[in-house]
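**Student:** This is the structure I have questions about; it appears just below.
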Protein chains: 2
Amino acid sequence: MQLDSAQLNAFATVIDEGSFERAAAVLHVTRSAVSQRIKLLEERVGQVLVRRATPCTPTEAGQALYRHAREVALSEADALATIGGGQHSTTRLAIGVNADSLATWFPHAMAQAAEGQAITFDIHVEDQDHSANLLREGRVMAAVTADPQPVQGCQVLPLGTLRYRALASPTFMQRHFAQGVNATTLAQAPMLVFNRKDALQARFVSRITRRKLAPPVHWLPEAHAFVKATRASLGWGMTPDPLVEDDLKTGALVELIANKPVDVPLYWQCWRLNVQALQHMTQAVQKAAALTLLR
Amino acid sequence: MQLDSAQLNAFATVIDEGSFERAAAVLHVTRSAVSQRIKLLEERVGQVLVRRATPCTPTEAGQALYRHAREVALSEADALATIGGGQHSTTRLAIGVNADSLATWFPHAMAQAAEGQAITFDIHVEDQDHSANLLREGRVMAAVTADPQPVQGCQVLPLGTLRYRALASPTFMQRHFAQGVNATTLAQAPMLVFNRKDALQARFVSRITRRKLAPPVHWLPEAHAFVKATRASLGWGMTPDPLVEDDLKTGALVELIANKPVDVPLYWQCWRLNVQALQHMTQAVQKAAALTLLR
């Protein structure tokens, strides 16, 4: 079965842009032309590919086709760049990144990779323990992940370790841990947790107490707000070293228990494609990671 | 129809915690007790209430009941606090906040509201043009939103204006806007956009050019990374003043066109409930907003 490249491209653009209108603007065609192409493609493969919602997302069948469409587009942009054609074609890199990498070292990698390259980024924020799913679903072509198991069709490179510490303000320590950090006090002291996927605090608690506790929880899914809330004595929480260097130096934040870090090794998983933009990005990621993460 | 409060509470806790396991830990019962209570509640109302997934979410029927359950819990905590009972009961405030407020003034409001109060926060990050939906769905009981239309059962308070400017690095300006900022150059220059819901850049472009353009886009859904990427000349983007005060002073970032801000008035919408914790939070939000937002 030979798929029509204009149809495939219209489909992938709708997923990228999230709506038929925006895809039409990007492709310089009318909205109904986009709609028509996708309808024809769906008839051709005999499956609904786009979930019409705000934003538009791929169905399960759509996911596989989306990945195919993106691989074709990447290869094509690469081939055109090599033969000097298509001078204005931009390569879009969809990448999954954990929030703490994005808040610290990852923007450097983006800046470096984009230098002199016609690359745009489509960054998806996802917990490091879950970003491999984005790869599996074909939503991203590369990801910073805690999962060393290669996703099908991906290569894996170790990036180094992001070191987390259980931190709190001195005021909070006095208020909640004057009797020591143990199962009794940890069960009472409010705990900051990034979101429902963030298991770092629970990991620390179970390492210290060998138990699962259910303390009061503040859910706070923004890296800098998380640190600010820790400083303001709202709770204790696991924070990556590069985000709190100054706070540790000045004593604005202190470790619950000295030298009990939780180390999260991070990996770069990316589609096994011989494409320049992706290779460039991989090198930039390795370089930026080496400057911030522990070896 | 009289609903069983233990069942209702088990249901709301599963939604809060995202899983049956965690709800069981919080309620100090077994997982199967939680499961049983929810099954009975679902039989009672004759509808599926929980979408069993990771995380668990409420069905449409579940949303209405969830809001009811949370209102009951808030009122109860308030009543108990008044009569001096239930000294250890903590009130959980689920709140929708736009990312830029969370990255700037909102943590101060959280810190102040929690001072001396048994409050925990469940913060949901949502675009200011969409957070009213979270209220409508009953997922949050209050929200920082750009929508002044009161959601049913909510009161609305104006908080002030968050001022955005179209910013870029001097390097980027020279590279892309040496010929001026107009429809031709704006159609070519890479644009940073927070996510698919962020219409600020498009608003700026259409104000300047009276057109919809489709320039290359970097999607970057993290406030500080967004600023870092702007500094690193990846693109131009709309950034709120409180996040870039220093950059504007030092000249690390400059306006695309002098004095063409986009002002976003923000509102506090919150459930019309005579509950202390919520009133406390409302006051803290007004105070913290007044220190940062424009009147």
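Note on naming: chains are A, B, ... as they come in the structure tokens, residues start from 1 per chain, ligands start from 1 in the order shown.
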Chain A residues within 7 Å of chain B, counting only C-alpha atoms: which ones, as a list in words?

**Tutor:**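 That gives Gly18, Ala25, Val26, Leu102, Ala103, Pro107, Ala111, Thr120, Phe121, Asp122, Ile123, Val125, Arg196, Ala214, Pro216, Val217, His218, Trp219, Leu220, Pro221, His224, Ala225, Lys228, Ala229, Ala232 and Leu234 of chain A for chain A.
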
**Student:** Just the strand (DSSP E or B) stuff from region 66-233 of chain A, please, per backbone DSSP, written as a VMD selection string.

**Tutor:** chain A and resid 91 to 97 119 to 125 142 to 145 154 to 168 191 to 193 217 to 219

**Student:** Can you list, as a ChimeraX atom specification, every protein, DNA or RNA residue that comes within 12 Å of Val262 (chain B) when you count only C-alpha atoms, leaving out same-chain residues fewer than 2 positions away?

**Tutor:** /B:161-167,199-208,237-241,255,257-260,264-265

**Student:** Skip Leu253 (chain A) itself and residues of its chain fewer than 3 positions away, then list as an NGL selection string all residues within 7 Å of it, counting only C-alpha atoms.

**Tutor:** :A and (167-170 or 231 or 247-248)

**Student:** Take the residues from that selection and put them in a file with N, CA, C and O atoms, as a tab-separated table (two decimals), in the first residue's frame.

**Tutor:**
```tsv
chain	number	residue	atom	x	y	z
A	167	LEU	N	14.87	18.00	51.06
A	167	LEU	CA	15.22	19.30	51.63
A	167	LEU	C	14.03	19.95	52.32
A	167	LEU	O	12.88	19.69	51.99
A	168	ALA	N	14.37	20.82	53.29
A	168	ALA	CA	13.36	21.63	53.95
A	168	ALA	C	14.04	22.90	54.45
A	168	ALA	O	15.27	22.99	54.49
A	169	SER	N	13.24	23.87	54.84
A	169	SER	CA	13.79	25.09	55.43
A	169	SER	C	14.16	24.79	56.89
A	169	SER	O	13.61	23.88	57.50
A	170	PRO	N	15.09	25.56	57.47
A	170	PRO	CA	15.41	25.39	58.89
A	170	PRO	C	14.17	25.53	59.78
A	170	PRO	O	14.01	24.78	60.75
A	231	ARG	N	11.31	26.55	50.42
A	231	ARG	CA	11.92	27.67	51.15
A	231	ARG	C	10.92	28.31	52.11
A	231	ARG	O	11.28	28.71	53.22
A	247	ASP	N	20.76	27.76	47.56
A	247	ASP	CA	20.01	27.53	48.80
A	247	ASP	C	20.78	26.64	49.77
A	247	ASP	O	20.73	26.83	50.98
A	248	LEU	N	21.51	25.65	49.23
A	248	LEU	CA	22.28	24.76	50.09
A	248	LEU	C	23.49	25.51	50.68
A	248	LEU	O	23.83	25.32	51.85
```

**Student:** In Å to one decimal, how far is CA of Leu3 (chain A) from CA of Arg139 (chain A)?

**Tutor:**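 About the pair CA of Arg139 (chain A) and CA of Leu3 (chain A): they are 20.3 Å apart.
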
**Student:** Running DSSP on the backbone, which parts of region 75-142 of chain A land in alpha helix (DSSP H), as a ChimeraX atom specification?

**Tutor:** /A:75-82,99-102,106-114,131-136

**Student:** What lies within 6 Å of region 56-67 of chain B using only C-alpha atoms, ignoring chain neighbours under 4 positions off, as a PyMOL selection string?

**Tutor:** chain B and resi 12+15+18-19+49-52+137-138

**Student:** Which residue gives the smallest distance to Trp236 (chain B) among B:Leu8, B:Leu266, B:Met173, B:Leu273, with only C-alpha atoms counted?

**Tutor:** B:Met173

**Student:** Looking at A:Ser131, A:Asp147, A:Ala109, A:Val34, which one is nearest to Leu291 (chain A), with distances taken over only C-alpha atoms?

**Tutor:**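 The answer is A:Ala109, which sits nearest to Leu291 (chain A).
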
**Student:** With only C-alpha atoms as the atoms that count, which of A:Ala189, A:Ala10, A:Ala73, A:Ala178 lies nearest to Glu42 (chain A)?

**Tutor:**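 For Glu42 (chain A), the nearest of the given residues is A:Ala10.
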
**Student:** For Val48 (chain A), which residue among A:Trp268, A:Ala289, A:Ala183, A:Phe11 is the nearest when counting only C-alpha atoms?

**Tutor:**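 The shortest atom-to-atom distance to Val48 (chain A) comes from A:Phe11.
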
**Student:** Can you measure CA of Arg295 (chain B) to CA of Asp263 (chain B) for me? One decimal in Å is fine.

**Tutor:**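 Value for the CA of Arg295 (chain B)-CA of Asp263 (chain B) distance: 11.0 Å.
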